[in-house]
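What follows is a single structure, written as C-alpha cells, with notes after it.
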Amino acid sequence: MAVTAQPEPRPAPAGRPWLAGLDRRGVLVGGGLVVLLLVLVYVGSEGLRWFDAALAGYLVGTLLAVFGTAYRYVVWVERPPTRALRARGWQAFWGSGRRLRNLARLPDVLWTRLVGQGFIRSRSLSRWIAHQCVFWGCVLAALVTFPLTFGWLHFESVGQDDARYRAFVAGLGTVEFESRSVAGWLMFHALDVAAVLVLVGVFTFLVRRLRDPGALAVERSGDFLVLAGLFAVSVTGLMLTVSSLWMDGRFYTFLTNVHAATVILGLLYIPFGKLFHIFQRPGTVGLAYTKERWAHEEAATCRGCGEPYAPATQVDDLRRVLPELGFDYRIDPARGGGDHLGFCPRCRRALVARAQSLRVGGFG
C-alpha cells in the first residue's frame with residue numbers, strides 16, 4: 001500500500017493579523033513588554049537616580065532580547081502543534097475531575113520538569129550535572145545582572161562604617177553585611193560564582209560531546225555556538241575580577257568592552273537560538289498531565305498488525321494538525337483510504353520499504 005504525500009505551501013494561521021510581514025499580536029506583546037520594562041526601570045531606579053549610564057548598552061540589549069523573545073514565543077505558542085498540546089494540557093489539568101490531585105502534584109511536576117530536571121539524570125549523571133551547573137549559574141547571574149542593569153539594586157555603606165554595607169532593592173533597604181565576611185564576599189562576587197558554575201557545565205558538555213560517539217552523531221553547529229557564547233561571557237566576566245584584584249586594573253577598559261559585547265550578543269541570540277528552549281520548557285508541565293491522562297485512555301489500534309501503539313486522542317490531534325501545517329499524507333481511497341497515522345511505527349517502516357521496493361522493481 002503506497003502512501004502519497006501531497007505537500008502544500010504552509011498557509012498563514014487563520015484569523016492572525018499581520019503587520020509588514022510580522023505577526024501583529026507578537027509585535028504588540030513584544031512592544032508592550034518593552035514599554036513595561038522601561039517603566040519599571042524608571043520606577044525601580046527612583047527616577048533613574050540609581051541607573052548607571054555605563055550599563056546602557058546592556059539595557060538596550062535586554063530590551064531587544066525581550067522584544068524578540070516575546071515575539072517568537074507568541075508565534076510559537078500559537079502554532080498548530082503547540083496550540084493543540086496546550087489545549088490538551090489545560091484539559092488534563094482542569095477538566096479531568098482530578099483538580100485537587102493535579103494541584104497537589106504541581107510542586108513535584110515543577111521540580112522534576114523545570115528545577116531538578118530528573119528526566120535528564122535518568123539519561124546520564126554527567127549530563128545532569130552539566131545542566132544543573134549551567135542552569136543555576138545562569139539563574140544566579142540573571143538575579144544579579146538584571147537588577148544592577150535596571151538600577152533596582154545598589155549598595156550603600158552603613159553610617160560611617162566603610163566595612164559594613166546595606167543592599168537596597170528598588171529603594172528599599174534590605175540586608176546588611178560586612179564586606180570582609182564570607183557573606184560579603186559572596187555578595188560582591190556572586191557573578192564570579194555564577195561564571196565558575198557555568199564554566200564547569202560548559203566543560204562537562206564539551207568533554208561529553210567530544211568523547212560520546214552518539215552525541216557527535218547528532219551534533220549541530222548551534223550546539224557549540226551556545227557553549228562558545230556561555231564560555232566567552234563567563235571568561236571575560238572573570239577576567240574583570242582578575243584585572244581589578246591582581247593586575248592593578250590593567251586592560252580593565254578593554255575587558256569591559258569585550259565582556260559587554262559578548263553579553264549583548266548573547267542576549268540578542270536568545271530569541272533565535274537554542275537558548276529559547278528556556279521559555280519553551282515550562283510547556284512540558286502541561287505535557288506531563290496530558291501523558292498521564294493519555295495513559296488511561298483508549299489506545300489506537302494499528303491497521304497493519306492490530307496492536308495498540310499510541311493514545312487515540314493523540315492520533316486524532318495529529319490528523320487535525322498536519323493539514324494545518326500544509327502536509328497531507330492521506331492514502332488514495334482506491335488503495336484503501338485512511339492515512340499513515342493509522343499504522344504503528346513498525347508497520348509504517350514496512351510500508352515505506354514496500355513502496356520503495358515497488359518503485360525500483362524489487363530489491364532482489
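Labels for the C-alpha cells follow display order: chains A, B, ..., residues from 1 in each chain, ligands from 1.
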
From a DSSP pass on the backbone, collect the residues of range 206-319 of chain A flagged as alpha helix (DSSP H) and hand them back as a PDB file with N, CA and C atoms, in the first residue's frame.
ATOM      1  N   LEU A 206      31.360  19.837  26.818  1.00  0.00           N
ATOM      2  CA  LEU A 206      32.348  19.667  25.761  1.00  0.00           C
ATOM      3  C   LEU A 206      32.999  18.293  25.829  1.00  0.00           C
ATOM      4  N   VAL A 207      33.377  17.870  27.029  1.00  0.00           N
ATOM      5  CA  VAL A 207      34.002  16.551  27.174  1.00  0.00           C
ATOM      6  C   VAL A 207      33.064  15.465  26.699  1.00  0.00           C
ATOM      7  N   ARG A 208      31.804  15.571  27.092  1.00  0.00           N
ATOM      8  CA  ARG A 208      30.827  14.557  26.675  1.00  0.00           C
ATOM      9  C   ARG A 208      30.639  14.565  25.168  1.00  0.00           C
ATOM     10  N   ARG A 209      30.509  15.753  24.577  1.00  0.00           N
ATOM     11  CA  ARG A 209      30.246  15.833  23.144  1.00  0.00           C
ATOM     12  C   ARG A 209      31.452  15.385  22.312  1.00  0.00           C
ATOM     13  N   LEU A 210      32.658  15.557  22.842  1.00  0.00           N
ATOM     14  CA  LEU A 210      33.851  15.155  22.097  1.00  0.00           C
ATOM     15  C   LEU A 210      34.192  13.685  22.274  1.00  0.00           C
ATOM     16  N   ARG A 211      33.668  13.060  23.329  1.00  0.00           N
ATOM     17  CA  ARG A 211      34.010  11.667  23.600  1.00  0.00           C
ATOM     18  C   ARG A 211      32.883  10.693  23.320  1.00  0.00           C
ATOM     19  N   PRO A 213      30.325   9.023  20.986  1.00  0.00           N
ATOM     20  CA  PRO A 213      30.011   8.899  19.551  1.00  0.00           C
ATOM     21  C   PRO A 213      28.558   9.229  19.244  1.00  0.00           C
ATOM     22  N   GLY A 214      27.652   8.872  20.163  1.00  0.00           N
ATOM     23  CA  GLY A 214      26.241   9.173  19.941  1.00  0.00           C
ATOM     24  C   GLY A 214      25.978  10.661  19.906  1.00  0.00           C
ATOM     25  N   ALA A 215      26.638  11.405  20.816  1.00  0.00           N
ATOM     26  CA  ALA A 215      26.462  12.855  20.834  1.00  0.00           C
ATOM     27  C   ALA A 215      27.077  13.499  19.599  1.00  0.00           C
ATOM     28  N   LEU A 216      28.228  12.966  19.149  1.00  0.00           N
ATOM     29  CA  LEU A 216      28.858  13.515  17.950  1.00  0.00           C
ATOM     30  C   LEU A 216      28.008  13.285  16.707  1.00  0.00           C
ATOM     31  N   ALA A 217      27.290  12.155  16.682  1.00  0.00           N
ATOM     32  CA  ALA A 217      26.495  11.825  15.500  1.00  0.00           C
ATOM     33  C   ALA A 217      25.352  12.806  15.285  1.00  0.00           C
ATOM     34  N   SER A 221      25.921  22.665  14.627  1.00  0.00           N
ATOM     35  CA  SER A 221      26.787  23.820  14.852  1.00  0.00           C
ATOM     36  C   SER A 221      26.228  24.736  15.935  1.00  0.00           C
ATOM     37  N   GLY A 222      24.898  24.835  16.020  1.00  0.00           N
ATOM     38  CA  GLY A 222      24.289  25.696  17.024  1.00  0.00           C
ATOM     39  C   GLY A 222      24.584  25.263  18.440  1.00  0.00           C
ATOM     40  N   ASP A 223      24.807  23.942  18.649  1.00  0.00           N
ATOM     41  CA  ASP A 223      25.114  23.452  19.992  1.00  0.00           C
ATOM     42  C   ASP A 223      26.444  24.014  20.483  1.00  0.00           C
ATOM     43  N   PHE A 224      27.472  23.986  19.629  1.00  0.00           N
ATOM     44  CA  PHE A 224      28.769  24.526  20.010  1.00  0.00           C
ATOM     45  C   PHE A 224      28.728  26.044  20.112  1.00  0.00           C
ATOM     46  N   LEU A 225      27.866  26.682  19.321  1.00  0.00           N
ATOM     47  CA  LEU A 225      27.765  28.134  19.376  1.00  0.00           C
ATOM     48  C   LEU A 225      27.260  28.589  20.741  1.00  0.00           C
ATOM     49  N   VAL A 226      26.282  27.865  21.296  1.00  0.00           N
ATOM     50  CA  VAL A 226      25.773  28.194  22.623  1.00  0.00           C
ATOM     51  C   VAL A 226      26.866  28.028  23.671  1.00  0.00           C
ATOM     52  N   LEU A 227      27.587  26.920  23.610  1.00  0.00           N
ATOM     53  CA  LEU A 227      28.660  26.687  24.574  1.00  0.00           C
ATOM     54  C   LEU A 227      29.755  27.740  24.442  1.00  0.00           C
ATOM     55  N   ALA A 228      30.079  28.122  23.201  1.00  0.00           N
ATOM     56  CA  ALA A 228      31.103  29.152  22.987  1.00  0.00           C
ATOM     57  C   ALA A 228      30.640  30.487  23.564  1.00  0.00           C
ATOM     58  N   GLY A 229      29.360  30.809  23.405  1.00  0.00           N
ATOM     59  CA  GLY A 229      28.846  32.060  23.954  1.00  0.00           C
ATOM     60  C   GLY A 229      28.879  32.080  25.466  1.00  0.00           C
ATOM     61  N   LEU A 230      28.456  30.996  26.096  1.00  0.00           N
ATOM     62  CA  LEU A 230      28.496  30.919  27.553  1.00  0.00           C
ATOM     63  C   LEU A 230      29.932  30.987  28.064  1.00  0.00           C
ATOM     64  N   PHE A 231      30.826  30.326  27.355  1.00  0.00           N
ATOM     65  CA  PHE A 231      32.243  30.348  27.735  1.00  0.00           C
ATOM     66  C   PHE A 231      32.795  31.774  27.653  1.00  0.00           C
ATOM     67  N   ALA A 232      32.496  32.478  26.554  1.00  0.00           N
ATOM     68  CA  ALA A 232      33.026  33.831  26.366  1.00  0.00           C
ATOM     69  C   ALA A 232      32.503  34.788  27.434  1.00  0.00           C
ATOM     70  N   VAL A 233      31.218  34.717  27.729  1.00  0.00           N
ATOM     71  CA  VAL A 233      30.638  35.596  28.750  1.00  0.00           C
ATOM     72  C   VAL A 233      31.271  35.321  30.106  1.00  0.00           C
ATOM     73  N   SER A 234      31.431  34.058  30.446  1.00  0.00           N
ATOM     74  CA  SER A 234      31.960  33.686  31.766  1.00  0.00           C
ATOM     75  C   SER A 234      33.430  34.073  31.911  1.00  0.00           C
ATOM     76  N   VAL A 235      34.223  33.782  30.905  1.00  0.00           N
ATOM     77  CA  VAL A 235      35.661  34.050  30.990  1.00  0.00           C
ATOM     78  C   VAL A 235      35.929  35.556  31.024  1.00  0.00           C
ATOM     79  N   THR A 236      35.276  36.317  30.158  1.00  0.00           N
ATOM     80  CA  THR A 236      35.504  37.766  30.166  1.00  0.00           C
ATOM     81  C   THR A 236      35.011  38.395  31.468  1.00  0.00           C
ATOM     82  N   GLY A 237      33.939  37.843  32.046  1.00  0.00           N
ATOM     83  CA  GLY A 237      33.483  38.346  33.340  1.00  0.00           C
ATOM     84  C   GLY A 237      34.487  38.063  34.439  1.00  0.00           C
ATOM     85  N   LEU A 238      35.063  36.865  34.445  1.00  0.00           N
ATOM     86  CA  LEU A 238      36.077  36.533  35.442  1.00  0.00           C
ATOM     87  C   LEU A 238      37.335  37.378  35.254  1.00  0.00           C
ATOM     88  N   MET A 239      37.664  37.699  34.009  1.00  0.00           N
ATOM     89  CA  MET A 239      38.864  38.492  33.757  1.00  0.00           C
ATOM     90  C   MET A 239      38.722  39.912  34.305  1.00  0.00           C
ATOM     91  N   LEU A 240      37.505  40.416  34.397  1.00  0.00           N
ATOM     92  CA  LEU A 240      37.306  41.726  35.025  1.00  0.00           C
ATOM     93  C   LEU A 240      37.731  41.688  36.488  1.00  0.00           C
ATOM     94  N   THR A 241      37.371  40.610  37.175  1.00  0.00           N
ATOM     95  CA  THR A 241      37.780  40.456  38.570  1.00  0.00           C
ATOM     96  C   THR A 241      39.287  40.283  38.678  1.00  0.00           C
ATOM     97  N   VAL A 242      39.862  39.476  37.780  1.00  0.00           N
ATOM     98  CA  VAL A 242      41.308  39.274  37.785  1.00  0.00           C
ATOM     99  C   VAL A 242      42.043  40.598  37.576  1.00  0.00           C
ATOM    100  N   SER A 243      41.531  41.406  36.641  1.00  0.00           N
ATOM    101  CA  SER A 243      42.178  42.687  36.362  1.00  0.00           C
ATOM    102  C   SER A 243      42.121  43.627  37.562  1.00  0.00           C
ATOM    103  N   SER A 244      40.981  43.681  38.230  1.00  0.00           N
ATOM    104  CA  SER A 244      40.834  44.622  39.347  1.00  0.00           C
ATOM    105  C   SER A 244      41.554  44.157  40.600  1.00  0.00           C
ATOM    106  N   LEU A 245      41.657  42.843  40.839  1.00  0.00           N
ATOM    107  CA  LEU A 245      42.261  42.339  42.067  1.00  0.00           C
ATOM    108  C   LEU A 245      43.758  42.106  41.955  1.00  0.00           C
ATOM    109  N   TRP A 246      44.213  41.599  40.819  1.00  0.00           N
ATOM    110  CA  TRP A 246      45.600  41.135  40.732  1.00  0.00           C
ATOM    111  C   TRP A 246      46.416  41.809  39.636  1.00  0.00           C
ATOM    112  N   TYR A 252      41.488  46.824  32.016  1.00  0.00           N
ATOM    113  CA  TYR A 252      40.113  46.749  32.526  1.00  0.00           C
ATOM    114  C   TYR A 252      39.115  47.351  31.527  1.00  0.00           C
ATOM    115  N   THR A 253      39.459  48.498  30.936  1.00  0.00           N
ATOM    116  CA  THR A 253      38.546  49.133  29.984  1.00  0.00           C
ATOM    117  C   THR A 253      38.315  48.240  28.762  1.00  0.00           C
ATOM    118  N   PHE A 254      39.418  47.669  28.264  1.00  0.00           N
ATOM    119  CA  PHE A 254      39.299  46.757  27.120  1.00  0.00           C
ATOM    120  C   PHE A 254      38.433  45.548  27.472  1.00  0.00           C
ATOM    121  N   LEU A 255      38.689  44.954  28.634  1.00  0.00           N
ATOM    122  CA  LEU A 255      37.917  43.787  29.049  1.00  0.00           C
ATOM    123  C   LEU A 255      36.441  44.135  29.266  1.00  0.00           C
ATOM    124  N   THR A 256      36.183  45.346  29.766  1.00  0.00           N
ATOM    125  CA  THR A 256      34.798  45.769  29.957  1.00  0.00           C
ATOM    126  C   THR A 256      34.054  45.811  28.624  1.00  0.00           C
ATOM    127  N   ASN A 257      34.713  46.334  27.597  1.00  0.00           N
ATOM    128  CA  ASN A 257      34.074  46.415  26.279  1.00  0.00           C
ATOM    129  C   ASN A 257      33.865  45.037  25.674  1.00  0.00           C
ATOM    130  N   VAL A 258      34.865  44.174  25.839  1.00  0.00           N
ATOM    131  CA  VAL A 258      34.737  42.819  25.290  1.00  0.00           C
ATOM    132  C   VAL A 258      33.624  42.064  26.011  1.00  0.00           C
ATOM    133  N   HIS A 259      33.581  42.184  27.335  1.00  0.00           N
ATOM    134  CA  HIS A 259      32.541  41.498  28.104  1.00  0.00           C
ATOM    135  C   HIS A 259      31.160  42.022  27.732  1.00  0.00           C
ATOM    136  N   ALA A 260      31.039  43.334  27.586  1.00  0.00           N
ATOM    137  CA  ALA A 260      29.746  43.906  27.195  1.00  0.00           C
ATOM    138  C   ALA A 260      29.313  43.373  25.837  1.00  0.00           C
ATOM    139  N   ALA A 261      30.248  43.265  24.905  1.00  0.00           N
ATOM    140  CA  ALA A 261      29.912  42.768  23.571  1.00  0.00           C
ATOM    141  C   ALA A 261      29.426  41.325  23.621  1.00  0.00           C
ATOM    142  N   THR A 262      30.106  40.486  24.415  1.00  0.00           N
ATOM    143  CA  THR A 262      29.690  39.087  24.499  1.00  0.00           C
ATOM    144  C   THR A 262      28.319  38.950  25.151  1.00  0.00           C
ATOM    145  N   VAL A 263      28.069  39.740  26.187  1.00  0.00           N
ATOM    146  CA  VAL A 263      26.774  39.657  26.867  1.00  0.00           C
ATOM    147  C   VAL A 263      25.655  40.137  25.953  1.00  0.00           C
ATOM    148  N   ILE A 264      25.856  41.260  25.277  1.00  0.00           N
ATOM    149  CA  ILE A 264      24.811  41.808  24.412  1.00  0.00           C
ATOM    150  C   ILE A 264      24.530  40.867  23.241  1.00  0.00           C
ATOM    151  N   LEU A 265      25.591  40.314  22.642  1.00  0.00           N
ATOM    152  CA  LEU A 265      25.383  39.351  21.564  1.00  0.00           C
ATOM    153  C   LEU A 265      24.657  38.109  22.069  1.00  0.00           C
ATOM    154  N   GLY A 266      24.990  37.690  23.292  1.00  0.00           N
ATOM    155  CA  GLY A 266      24.284  36.538  23.874  1.00  0.00           C
ATOM    156  C   GLY A 266      22.818  36.816  24.097  1.00  0.00           C
ATOM    157  N   LEU A 267      22.498  38.021  24.571  1.00  0.00           N
ATOM    158  CA  LEU A 267      21.096  38.391  24.763  1.00  0.00           C
ATOM    159  C   LEU A 267      20.348  38.414  23.435  1.00  0.00           C
ATOM    160  N   LEU A 268      20.991  38.954  22.399  1.00  0.00           N
ATOM    161  CA  LEU A 268      20.337  39.026  21.091  1.00  0.00           C
ATOM    162  C   LEU A 268      20.164  37.638  20.473  1.00  0.00           C
ATOM    163  N   TYR A 269      21.005  36.681  20.883  1.00  0.00           N
ATOM    164  CA  TYR A 269      20.933  35.329  20.323  1.00  0.00           C
ATOM    165  C   TYR A 269      19.794  34.511  20.933  1.00  0.00           C
ATOM    166  N   HIS A 277      14.788  27.546  24.269  1.00  0.00           N
ATOM    167  CA  HIS A 277      14.057  26.452  24.927  1.00  0.00           C
ATOM    168  C   HIS A 277      13.876  26.720  26.423  1.00  0.00           C
ATOM    169  N   ILE A 278      14.597  27.720  26.968  1.00  0.00           N
ATOM    170  CA  ILE A 278      14.369  28.125  28.359  1.00  0.00           C
ATOM    171  C   ILE A 278      12.911  28.534  28.543  1.00  0.00           C
ATOM    172  N   PHE A 279      12.369  29.204  27.543  1.00  0.00           N
ATOM    173  CA  PHE A 279      10.993  29.691  27.632  1.00  0.00           C
ATOM    174  C   PHE A 279       9.995  28.653  27.119  1.00  0.00           C
ATOM    175  N   GLN A 280      10.465  27.692  26.342  1.00  0.00           N
ATOM    176  CA  GLN A 280       9.586  26.627  25.889  1.00  0.00           C
ATOM    177  C   GLN A 280       9.408  25.542  26.941  1.00  0.00           C
ATOM    178  N   GLY A 283       6.275  24.632  29.064  1.00  0.00           N
ATOM    179  CA  GLY A 283       5.159  23.970  28.397  1.00  0.00           C
ATOM    180  C   GLY A 283       5.104  22.480  28.670  1.00  0.00           C
ATOM    181  N   THR A 284       6.230  21.891  29.090  1.00  0.00           N
ATOM    182  CA  THR A 284       6.236  20.459  29.369  1.00  0.00           C
ATOM    183  C   THR A 284       5.508  20.123  30.663  1.00  0.00           C
ATOM    184  N   VAL A 285       5.214  21.147  31.476  1.00  0.00           N
ATOM    185  CA  VAL A 285       4.450  20.889  32.700  1.00  0.00           C
ATOM    186  C   VAL A 285       3.061  20.370  32.334  1.00  0.00           C
ATOM    187  N   GLY A 286       2.405  21.050  31.380  1.00  0.00           N
ATOM    188  CA  GLY A 286       1.108  20.573  30.919  1.00  0.00           C
ATOM    189  C   GLY A 286       1.210  19.240  30.223  1.00  0.00           C
ATOM    190  N   LEU A 287       2.329  18.991  29.525  1.00  0.00           N
ATOM    191  CA  LEU A 287       2.512  17.727  28.831  1.00  0.00           C
ATOM    192  C   LEU A 287       2.571  16.562  29.800  1.00  0.00           C
ATOM    193  N   ALA A 288       3.117  16.787  30.991  1.00  0.00           N
ATOM    194  CA  ALA A 288       3.181  15.717  31.996  1.00  0.00           C
ATOM    195  C   ALA A 288       1.784  15.265  32.385  1.00  0.00           C
ATOM    196  N   TYR A 289       0.862  16.214  32.584  1.00  0.00           N
ATOM    197  CA  TYR A 289      -0.516  15.856  32.915  1.00  0.00           C
ATOM    198  C   TYR A 289      -1.223  15.228  31.722  1.00  0.00           C
ATOM    199  N   THR A 290      -0.897  15.695  30.523  1.00  0.00           N
ATOM    200  CA  THR A 290      -1.519  15.125  29.324  1.00  0.00           C
ATOM    201  C   THR A 290      -1.128  13.669  29.147  1.00  0.00           C
ATOM    202  N   LYS A 291       0.157  13.353  29.335  1.00  0.00           N
ATOM    203  CA  LYS A 291       0.610  11.967  29.196  1.00  0.00           C
ATOM    204  C   LYS A 291      -0.056  11.069  30.231  1.00  0.00           C
ATOM    205  N   GLU A 292      -0.227  11.579  31.436  1.00  0.00           N
ATOM    206  CA  GLU A 292      -0.884  10.784  32.466  1.00  0.00           C
ATOM    207  C   GLU A 292      -2.331  10.483  32.079  1.00  0.00           C
ATOM    208  N   ARG A 293      -2.998  11.466  31.502  1.00  0.00           N
ATOM    209  CA  ARG A 293      -4.380  11.235  31.087  1.00  0.00           C
ATOM    210  C   ARG A 293      -4.438  10.277  29.909  1.00  0.00           C
ATOM    211  N   TRP A 294      -3.508  10.432  28.962  1.00  0.00           N
ATOM    212  CA  TRP A 294      -3.482   9.523  27.819  1.00  0.00           C
ATOM    213  C   TRP A 294      -3.276   8.077  28.252  1.00  0.00           C
ATOM    214  N   ALA A 295      -2.518   7.880  29.323  1.00  0.00           N
ATOM    215  CA  ALA A 295      -2.253   6.514  29.783  1.00  0.00           C
ATOM    216  C   ALA A 295      -3.521   5.794  30.208  1.00  0.00           C
ATOM    217  N   ALA A 312      -5.381   7.233  21.333  1.00  0.00           N
ATOM    218  CA  ALA A 312      -6.249   7.598  20.214  1.00  0.00           C
ATOM    219  C   ALA A 312      -6.410   9.112  20.096  1.00  0.00           C
ATOM    220  N   THR A 313      -6.466   9.791  21.237  1.00  0.00           N
ATOM    221  CA  THR A 313      -6.600  11.251  21.213  1.00  0.00           C
ATOM    222  C   THR A 313      -5.402  11.900  20.551  1.00  0.00           C
ATOM    223  N   GLN A 314      -4.216  11.387  20.819  1.00  0.00           N
ATOM    224  CA  GLN A 314      -3.013  11.943  20.219  1.00  0.00           C
ATOM    225  C   GLN A 314      -3.029  11.753  18.709  1.00  0.00           C
ATOM    226  N   VAL A 315      -3.437  10.591  18.252  1.00  0.00           N
ATOM    227  CA  VAL A 315      -3.502  10.324  16.819  1.00  0.00           C
ATOM    228  C   VAL A 315      -4.516  11.247  16.147  1.00  0.00           C
ATOM    229  N   ASP A 316      -5.668  11.430  16.787  1.00  0.00           N
ATOM    230  CA  ASP A 316      -6.686  12.332  16.222  1.00  0.00           C
ATOM    231  C   ASP A 316      -6.166  13.769  16.146  1.00  0.00           C
ATOM    232  N   ASP A 317      -5.434  14.207  17.178  1.00  0.00           N
ATOM    233  CA  ASP A 317      -4.864  15.556  17.149  1.00  0.00           C
ATOM    234  C   ASP A 317      -3.882  15.717  15.989  1.00  0.00           C
ATOM    235  N   LEU A 318      -3.081  14.693  15.749  1.00  0.00           N
ATOM    236  CA  LEU A 318      -2.141  14.749  14.635  1.00  0.00           C
ATOM    237  C   LEU A 318      -2.871  14.841  13.302  1.00  0.00           C
ATOM    238  N   ARG A 319      -3.976  14.139  13.180  1.00  0.00           N
ATOM    239  CA  ARG A 319      -4.749  14.194  11.932  1.00  0.00           C
ATOM    240  C   ARG A 319      -5.279  15.605  11.672  1.00  0.00           C
TER     241      ARG A 319
END

Next on the checklist: List the spatial neighbours of Ala130 in chain A as JSON, numbers by chain - criterion: any atom at most 7 Å away, only C-alpha atoms, same-chain residues fewer than 4 positions off excluded.
Outcome noted: {"A": [126, 134, 201, 202, 204, 205]}

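We find CA of Leu38 in chain A and CA of Phe135 in chain A to be spaced 26.7 Å apart.
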
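Considering the residues A:Val115, A:Ala104, A:Cys347, A:Ala56 and counting only C-alpha atoms, Tyr309 in chain A has its shortest atom-to-atom contact with A:Cys347.
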
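Taking the backbone of this structure through DSSP, the residues of range 53-263 of chain A that come out as strand (DSSP E or B) are Leu153, His154, Phe155, Glu156, Ser157, Val158, Asp161, Asp162, Ala163, Arg164, Tyr165, Arg166, Ala167, Phe168, Val169, Leu172, Gly173, Thr174, Val175, Glu176, Phe177 and Glu178 of chain A.
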
Writer output for current selection, C-alpha atoms, as a JSON list (two decimals), in the first residue's frame:
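New file out_10.json:
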[["chain", "number", "residue", "atom", "x", "y", "z"],
["A", 153, "LEU", "CA", 19.87, 47.08, 43.15],
["A", 154, "HIS", "CA", 22.58, 49.18, 44.76],
["A", 155, "PHE", "CA", 24.71, 49.15, 47.91],
["A", 156, "GLU", "CA", 25.39, 51.86, 50.47],
["A", 157, "SER", "CA", 27.72, 51.97, 53.44],
["A", 158, "VAL", "CA", 26.06, 51.95, 56.85],
["A", 161, "ASP", "CA", 31.48, 52.27, 58.81],
["A", 162, "ASP", "CA", 33.07, 51.72, 55.41],
["A", 163, "ALA", "CA", 33.26, 47.97, 56.03],
["A", 164, "ARG", "CA", 29.54, 47.48, 56.51],
["A", 165, "TYR", "CA", 27.07, 47.74, 53.66],
["A", 166, "ARG", "CA", 23.33, 47.56, 53.14],
["A", 167, "ALA", "CA", 21.69, 46.30, 49.97],
["A", 168, "PHE", "CA", 18.83, 48.37, 48.56],
["A", 169, "VAL", "CA", 16.23, 46.86, 46.21],
["A", 172, "LEU", "CA", 14.04, 49.68, 49.99],
["A", 173, "GLY", "CA", 16.78, 48.76, 52.43],
["A", 174, "THR", "CA", 17.24, 45.03, 52.90],
["A", 175, "VAL", "CA", 20.12, 43.01, 54.38],
["A", 176, "GLU", "CA", 23.26, 44.40, 55.97],
["A", 177, "PHE", "CA", 26.59, 42.61, 55.75],
["A", 178, "GLU", "CA", 30.28, 43.01, 56.47]]

Next on the checklist: Could you list, as a count of residues only, every residue within 10 Å of Leu106 in chain A, counting only C-alpha atoms and ignoring same-chain residues fewer than 3 positions away?
Outcome noted: 12

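Going from CA of Gly171 in chain A to CA of Thr149 in chain A covers 14.6 Å.
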
Next on the checklist: With only C-alpha atoms as the counted atoms, please give the residues lying no more than 12 Å from Val144 in chain A, apart from itself and same-chain residues fewer than 6 positions off, as an MDAnalysis selection string.
Outcome noted: chainID A and resid 137:138 150:154 167 169 186:194

Could you write out the selected residues, including N, CA and C atoms, as a JSON list (two decimals), in the first residue's frame?
[["chain", "number", "residue", "atom", "x", "y", "z"],
["A", 137, "GLY", "N", 23.93, 28.54, 37.38],
["A", 137, "GLY", "CA", 24.84, 29.64, 37.10],
["A", 137, "GLY", "C", 24.14, 30.77, 36.36],
["A", 138, "CYS", "N", 23.32, 30.42, 35.38],
["A", 138, "CYS", "CA", 22.59, 31.45, 34.63],
["A", 138, "CYS", "C", 21.52, 32.10, 35.50],
["A", 150, "PHE", "N", 19.17, 47.48, 35.62],
["A", 150, "PHE", "CA", 17.96, 48.30, 35.65],
["A", 150, "PHE", "C", 17.98, 49.36, 36.75],
["A", 151, "GLY", "N", 19.01, 49.34, 37.60],
["A", 151, "GLY", "CA", 19.07, 50.29, 38.69],
["A", 151, "GLY", "C", 18.19, 49.91, 39.87],
["A", 152, "TRP", "N", 17.77, 48.65, 39.90],
["A", 152, "TRP", "CA", 16.92, 48.19, 41.01],
["A", 152, "TRP", "C", 17.73, 47.81, 42.24],
["A", 153, "LEU", "N", 19.02, 47.57, 42.06],
["A", 153, "LEU", "CA", 19.87, 47.08, 43.15],
["A", 153, "LEU", "C", 21.08, 47.99, 43.27],
["A", 154, "HIS", "N", 21.34, 48.45, 44.49],
["A", 154, "HIS", "CA", 22.58, 49.18, 44.76],
["A", 154, "HIS", "C", 22.96, 48.98, 46.22],
["A", 167, "ALA", "N", 22.19, 46.46, 51.34],
["A", 167, "ALA", "CA", 21.69, 46.30, 49.97],
["A", 167, "ALA", "C", 20.31, 46.93, 49.87],
["A", 169, "VAL", "N", 16.97, 47.38, 47.36],
["A", 169, "VAL", "CA", 16.23, 46.86, 46.21],
["A", 169, "VAL", "C", 15.06, 47.79, 45.95],
["A", 186, "LEU", "N", 30.62, 36.72, 49.08],
["A", 186, "LEU", "CA", 29.67, 36.10, 48.17],
["A", 186, "LEU", "C", 28.75, 37.14, 47.53],
["A", 187, "MET", "N", 28.39, 38.18, 48.29],
["A", 187, "MET", "CA", 27.52, 39.22, 47.76],
["A", 187, "MET", "C", 28.20, 39.96, 46.61],
["A", 188, "PHE", "N", 29.47, 40.33, 46.80],
["A", 188, "PHE", "CA", 30.18, 41.11, 45.79],
["A", 188, "PHE", "C", 30.76, 40.24, 44.68],
["A", 189, "HIS", "N", 30.86, 38.93, 44.90],
["A", 189, "HIS", "CA", 31.44, 38.04, 43.89],
["A", 189, "HIS", "C", 30.42, 37.01, 43.41],
["A", 190, "ALA", "N", 29.15, 37.33, 43.51],
["A", 190, "ALA", "CA", 28.11, 36.39, 43.07],
["A", 190, "ALA", "C", 28.26, 36.08, 41.58],
["A", 191, "LEU", "N", 28.60, 37.08, 40.78],
["A", 191, "LEU", "CA", 28.76, 36.85, 39.35],
["A", 191, "LEU", "C", 29.97, 35.96, 39.06],
["A", 192, "ASP", "N", 31.01, 36.05, 39.88],
["A", 192, "ASP", "CA", 32.15, 35.15, 39.70],
["A", 192, "ASP", "C", 31.75, 33.71, 40.01],
["A", 193, "VAL", "N", 30.97, 33.52, 41.06],
["A", 193, "VAL", "CA", 30.48, 32.18, 41.39],
["A", 193, "VAL", "C", 29.63, 31.65, 40.24],
["A", 194, "ALA", "N", 28.75, 32.50, 39.70],
["A", 194, "ALA", "CA", 27.91, 32.09, 38.58],
["A", 194, "ALA", "C", 28.76, 31.70, 37.37]]
